[in-house]
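Trainee: Handing you a structure now.
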Amino acid sequence: MKKFVGYEGLFYAIFSENNIQVKEKHNLPYYNIAETKPYMREIEINLNGQIEQVELYVCPMPTSMLNAIPTKKLTEFELDLYMNPPENSIVIYDRWIFQRYIDFIFRQYGISHFDKFIKRYKDKNIKVIFNFAFFEPNEYESLNYFLMKYDYSFDCIKLTDYELFDRVDKFVFSKIFNIFHIVGDLMSFEIDSLFRKNLVPSIHNLFVAESIKNPDKLYSHLTLKPRPHRINFINKLYDLDIIDYGYCTLNKIMYDEYQERIDNGLVYSTDNCLMQNKWLYDYFKNMDYRGYDYYSKKMKDILGKNFWSHLRHYFENKEYKKSYIDVIGETHILFDTLFSYFSEKSYYPILTEKFFIIYGGNRFYEMLEEFDCYNCLDLFGLDKTYYQIENPYEQGDIIANKLKELIDKKNSGEFDIEKYYQENKYKLINTKQKILSKYTNSIDEVKKFILK
């Protein structure tokens with residue numbers, strides 16, 4: 001019998017095609033905390049053509065435990081399943097578990113406790129799956145670089161979606177591994193009520209998009225952090241008088257944070273680093289931020305303080321049904337990283353079978369081209385020369401003008417967006433299935449590691 005330690009969503013993200021049957025749940029002893037206590041879940045799964053019984057051990061994050069007993073070091077909590085996993089088990093680390101355990105131990109307690117932790121894993125013959133594909137190239141190159149590359153002496157596999165670690169020992173590279181993070185994140189929310197009854201769905205049936213039928217708006221532009229290229233685009237929507245045709249959002253907390261940076265002259269430092277490039281340097285300080293009161297009259301703050309949950313909110317609250325087209329201002333175009341990159345936002349419309357157009361996301365378009373996927377540019381009368389434009393502000397201006405053209409054609413009766421959507425929906429579905437199939441093929445490398 002195989003034993004795993006990790007959140008259910010992470011386990012299901014690996015074995016999404018393996019006919020998982022969820023069985024009994026057993027509570028485990030733990031410390032006196034308010035959070036959900038750890039438990040063991042019995043699972044029946046098809047592994048390599050054989051029906052296998054699996055024990056999955058699920059443990060809460062250590063924050064409450066450390067707050068409850070502050071004089072005790074994390075490495076001394078014997079009941080914690082990441083500190084003291086069952087012998088011969090397989091531990092699955094995602095970004096948050098990694099940061100709250102391995103990263104925390106190294107930074108807070110030093111090398112002696114770090115070595116103690118690694119020795120315990122080695123002595124207990126623990127295998128580890130590290131998911132280092134979580135959409136943060138800034139951290140791949142800075143905060144987490146050392147511990148990601150560290151030569152842990154226990155048996156492990158490191159998933160990466162970033163070329164920096166391609167062909168590095170113990171790393172397995174695939175551009176599509178970041179889907180693992182999306183699946184794990186979404187399935188970690190409300191697993192019982194939303195994603196699992198007794199049978200865990202195939203990944204192809206996990207993102208079931210409801211039909212879009214004559215939505216109120218033509219396009220959506222969802223803004224969390226008001227980065228300068230996004231504000232440039234938003235201003236263009238206002239100046240062209242097409243803001244009312246879009247479902248547009250803006251988070252007040254994040255807007256106030258950016259405004260404070262402008263007021264204090266701190267425009268060259270964001271996201272806990274100084275890796276910003278010319279696309280931020282040359283625009284942020286002089287960008288026309290017109291004030292939250294100006295924008296909020298037309299743009300809702302739908303997240304408030306719960307801005308961390310925008311991925312979940314998009315799916316659970318069916319924001320995708322608000323419009324036909326998602327316009328996305330990508331994040332990493334503003335940063336000086338070794339390799340161009342994109343965030344999880346570019347996947348949203350694909351998983352919900354919508355039209356999309358992205359500014360600052362040339363790397364994502366290149367990936368779609370490589371996978372022979374539909375990229376929606378024909379809707380706007382554009383071709384691949386669009387994603388050969390380096391400047392995200394220029395791309396944003398192009399998109400705004402193309403939206404204006406679509407709106408004018410729609411209003412004059414020259415263009416029927418509903419008809420176009422229905423006629424081309426098969427292309428959107430096909431792209432979604434290609435992306436998910438590519439992921440399930442790539443994740444086979446992890447299964448081989450588990451079964452060896």
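In the structure tokens, chains take letters A, B, ... by order of appearance, with residues numbered from 1 within each chain and ligands from 1 in the order shown.
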So that I can see what lies close to stretch 307-314 of chain A, please list as a PyMOL selection string the residues with an atom at most 9 Å from it, counting only C-alpha atoms and leaving out residues fewer than 2 positions away in the same chain.

Mentor: chain A and resi 182+185-186+189+224+251+253-254+302-305+316-320+344-345+348

Trainee: Please save N, CA, C and O atoms of the selected residues as a compact mmCIF listing (two decimals), in the first residue's frame.

Mentor:
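Below is the file that was written, selection.txt:
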# COMPACT_ATOMS: atom_id res chain seq x y z
N ILE A 182 -2.83 25.34 -10.82
CA ILE A 182 -4.22 25.75 -10.93
C ILE A 182 -5.15 24.67 -10.41
O ILE A 182 -6.07 24.93 -9.63
N ASP A 185 -4.76 24.35 -6.60
CA ASP A 185 -5.36 25.51 -5.93
C ASP A 185 -6.87 25.42 -5.90
O ASP A 185 -7.50 25.57 -4.86
N LEU A 186 -7.46 25.17 -7.06
CA LEU A 186 -8.92 25.15 -7.13
C LEU A 186 -9.52 23.98 -6.35
O LEU A 186 -10.53 24.11 -5.68
N PHE A 189 -10.00 24.23 -2.49
CA PHE A 189 -11.13 24.97 -1.96
C PHE A 189 -12.38 24.10 -1.99
O PHE A 189 -12.75 23.59 -3.05
N LEU A 224 -6.63 43.36 -10.61
CA LEU A 224 -6.30 43.31 -9.19
C LEU A 224 -5.26 44.39 -8.92
O LEU A 224 -5.58 45.45 -8.40
N ASN A 251 -9.38 46.63 -7.70
CA ASN A 251 -9.33 46.41 -6.26
C ASN A 251 -8.82 47.65 -5.54
O ASN A 251 -7.75 48.16 -5.85
N ILE A 253 -7.81 48.15 -2.36
CA ILE A 253 -6.62 47.96 -1.53
C ILE A 253 -5.36 48.05 -2.38
O ILE A 253 -4.39 48.73 -2.04
N MET A 254 -5.39 47.36 -3.52
CA MET A 254 -4.22 47.37 -4.39
C MET A 254 -4.04 48.73 -5.06
O MET A 254 -2.91 49.19 -5.25
N ILE A 302 -14.79 43.83 -6.65
CA ILE A 302 -15.55 42.61 -6.34
C ILE A 302 -14.87 41.73 -5.30
O ILE A 302 -15.50 40.84 -4.74
N LEU A 303 -13.59 41.98 -5.02
CA LEU A 303 -12.84 41.11 -4.12
C LEU A 303 -12.65 41.71 -2.73
O LEU A 303 -12.60 40.97 -1.75
N GLY A 304 -12.53 43.02 -2.63
CA GLY A 304 -12.29 43.64 -1.34
C GLY A 304 -11.02 43.10 -0.70
O GLY A 304 -9.97 43.00 -1.35
N LYS A 305 -11.11 42.70 0.57
CA LYS A 305 -9.94 42.17 1.27
C LYS A 305 -9.60 40.75 0.85
O LYS A 305 -8.51 40.25 1.15
N GLU A 316 -15.86 30.08 -9.32
CA GLU A 316 -17.01 29.77 -8.48
C GLU A 316 -18.15 30.76 -8.68
O GLU A 316 -19.32 30.39 -8.61
N ASN A 317 -17.82 32.03 -8.92
CA ASN A 317 -18.85 33.04 -9.12
C ASN A 317 -19.18 33.27 -10.60
O ASN A 317 -19.89 34.20 -10.94
N LYS A 318 -18.61 32.40 -11.42
CA LYS A 318 -18.92 32.38 -12.85
C LYS A 318 -18.76 33.76 -13.50
O LYS A 318 -19.59 34.20 -14.29
N GLU A 319 -17.66 34.41 -13.14
CA GLU A 319 -17.38 35.71 -13.75
C GLU A 319 -17.19 35.60 -15.27
O GLU A 319 -17.42 36.57 -15.99
N TYR A 320 -16.78 34.42 -15.70
CA TYR A 320 -16.54 34.24 -17.12
C TYR A 320 -17.83 34.43 -17.94
O TYR A 320 -17.77 34.73 -19.13
N GLU A 344 -1.11 32.73 -14.37
CA GLU A 344 -2.29 31.86 -14.47
C GLU A 344 -3.47 32.55 -15.16
O GLU A 344 -4.36 31.89 -15.69
N LYS A 345 -3.48 33.89 -15.16
CA LYS A 345 -4.62 34.63 -15.73
C LYS A 345 -4.85 34.29 -17.20
O LYS A 345 -5.99 34.31 -17.66
N TYR A 348 -7.33 31.38 -17.72
CA TYR A 348 -8.74 31.47 -17.32
C TYR A 348 -9.71 31.31 -18.49
O TYR A 348 -10.62 30.46 -18.45

Trainee: Stretch 238-389 of chain A: which residues are strand (DSSP E) by DSSP, as a list of chain:residue names?

Mentor: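 Answer for stretch 238-389 of chain A restricted to strand (DSSP E) is A:Gly246, A:Tyr247, A:Cys248, A:Thr249, A:Leu250, A:Ile325, A:Asp326, A:Val327, A:Ile328, A:Gly329, A:Phe355, A:Phe356, A:Ile357, A:Ile358, A:Tyr359.
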
Trainee: Which of stretch 129-329 of chain A end up as helix (DSSP H, G or I) when DSSP is run on this backbone - answer as number ranges by chain?

Mentor: A: 137-141, 145-149, 163-165, 175-188, 191-195, 203-205, 228-239, 243-245, 252-263, 278-281, 292-296, 307-316, 319-322

Trainee: Counting only C-alpha atoms, which of A:Phe98, A:Phe130, A:Phe154, A:Tyr387 gets nearest to A:Ile118?

Mentor: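 Among the listed residues, A:Phe154 lies closest to A:Ile118.
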
Trainee: Go through A:Phe134, A:Phe335, A:Tyr426, A:Tyr347 one by one, measure the shortest atom-to-atom distance of each to A:Asn272 using only C-alpha atoms, and give the residue with the smallest value.

Mentor: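 The shortest atom-to-atom distance to A:Asn272 comes from A:Phe335.
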
Trainee: Any idea what's packed within 9 Å of A:Ser340, counting only C-alpha atoms, ignoring anything in its chain fewer than 3 positions away? Could you give it as an mmCIF file with C-alpha atoms, in the first residue's frame?

Mentor:
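Result file follows (part_12.cif):
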data_model
loop_
_atom_site.group_PDB
_atom_site.id
_atom_site.type_symbol
_atom_site.label_atom_id
_atom_site.label_comp_id
_atom_site.auth_asym_id
_atom_site.auth_seq_id
_atom_site.Cartn_x
_atom_site.Cartn_y
_atom_site.Cartn_z
ATOM 1 C CA PRO A 137 9.671 33.674 -12.248
ATOM 2 C CA HIS A 332 5.647 39.452 -15.915
ATOM 3 C CA ILE A 333 6.223 41.650 -18.942
ATOM 4 C CA PHE A 335 10.043 42.341 -14.900
ATOM 5 C CA ASP A 336 13.584 41.662 -15.975
ATOM 6 C CA THR A 337 13.640 37.862 -15.908
ATOM 7 C CA GLY A 361 1.655 37.820 -22.858
ATOM 8 C CA ASN A 362 3.677 37.020 -25.970
ATOM 9 C CA ARG A 363 5.138 33.936 -24.305
#

Trainee: Would you kindly return, as a list of chain:residue names, each protein, DNA or RNA residue with an atom no farther than 7 Å from any atom of stretch 214-223 of chain A, considering only C-alpha atoms and excluding same-chain residues fewer than 6 positions away?

Mentor: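 Result of the neighbour search: A:Tyr245, A:Gly246, A:Tyr247, A:Cys248, A:Thr249, A:Leu250, A:Asn251, A:Lys321, A:Lys322, A:Ser323, A:Tyr324, A:Ile325, A:Asp326, A:Val327, A:Ile328, A:Glu418.
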
Trainee: Write the residues of the selection above to a file with C-alpha atoms, as a CSV table (one decimal), in the first residue's frame.

Mentor:
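The resulting result-v4.csv:
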chain,number,residue,atom,x,y,z
A,245,TYR,CA,-19.4,47.8,-22.7
A,246,GLY,CA,-17.1,45.9,-20.4
A,247,TYR,CA,-17.3,44.1,-17.1
A,248,CYS,CA,-14.3,45.9,-15.6
A,249,THR,CA,-13.0,45.6,-12.0
A,250,LEU,CA,-10.4,47.3,-9.8
A,251,ASN,CA,-9.3,46.4,-6.3
A,321,LYS,CA,-20.3,34.4,-18.0
A,322,LYS,CA,-20.3,38.2,-17.8
A,323,SER,CA,-18.9,38.6,-21.4
A,324,TYR,CA,-17.7,37.0,-24.6
A,325,ILE,CA,-14.1,38.2,-24.4
A,326,ASP,CA,-11.5,38.3,-21.7
A,327,VAL,CA,-8.9,41.0,-22.0
A,328,ILE,CA,-5.9,40.2,-19.9
A,418,GLU,CA,-23.4,35.7,-30.4

Trainee: Quote the spacing between atom CA of A:Pro62 and atom CA of A:Tyr7 in Å to one decimal place.

Mentor: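 For atom CA of A:Pro62 relative to atom CA of A:Tyr7, the distance reads 13.5 Å.
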
Trainee: Give me, as an NGL selection string, all polymer residues having an atom no more than 10 Å from A:Leu10, counting only C-alpha atoms and skipping those fewer than 5 positions away in the same chain.

Mentor: :A and (5 or 15-16 or 92-94 or 131 or 180-188)

Trainee: Would you mind listing what lies within 9 Å of A:Lys236 as a PyMOL selection string, with only C-alpha atoms counted and same-chain residues fewer than 5 positions away left out?

Mentor: chain A and resi 231+241-243+396-397+400-401

Trainee: Write to file, as a compact mmCIF listing (two decimals), in the first residue's frame, the residues of the selection just made, with N, CA and C atoms.

Mentor:
# COMPACT_ATOMS: atom_id res chain seq x y z
N ILE A 231 -3.41 50.34 -16.27
CA ILE A 231 -4.04 51.65 -16.16
C ILE A 231 -4.03 52.36 -17.52
N ASP A 241 -14.64 55.91 -24.77
CA ASP A 241 -16.04 55.83 -24.31
C ASP A 241 -16.63 54.44 -24.53
N ILE A 242 -15.84 53.40 -24.20
CA ILE A 242 -16.34 52.03 -24.33
C ILE A 242 -16.25 51.27 -23.01
N ILE A 243 -15.98 51.97 -21.91
CA ILE A 243 -15.87 51.33 -20.61
C ILE A 243 -17.18 50.64 -20.22
N GLY A 396 -1.85 47.20 -25.75
CA GLY A 396 -3.07 47.63 -25.09
C GLY A 396 -3.85 48.63 -25.92
N ASP A 397 -3.14 49.56 -26.56
CA ASP A 397 -3.80 50.55 -27.43
C ASP A 397 -4.46 49.86 -28.63
N ALA A 400 -7.71 48.14 -27.40
CA ALA A 400 -8.79 49.09 -27.14
C ALA A 400 -9.43 49.56 -28.44
N ASN A 401 -8.62 49.86 -29.42
CA ASN A 401 -9.15 50.32 -30.72
C ASN A 401 -9.91 49.21 -31.44

Trainee: Just the residues within 9 Å of A:Leu379, please, counting only C-alpha atoms, with nothing from its chain fewer than 3 positions along; format it as a list of chain:residue names.

Mentor: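 The residues satisfying every condition are A:Phe355, A:Cys376, A:Leu382, A:Leu406, A:Tyr420.
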
Trainee: Just to confirm, what's the straight-line distance from atom CA of A:Phe364 to atom CA of A:Phe342 in Å (one decimal)?

Mentor: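 Computed distance, atom CA of A:Phe364 to atom CA of A:Phe342, equals 6.2 Å.
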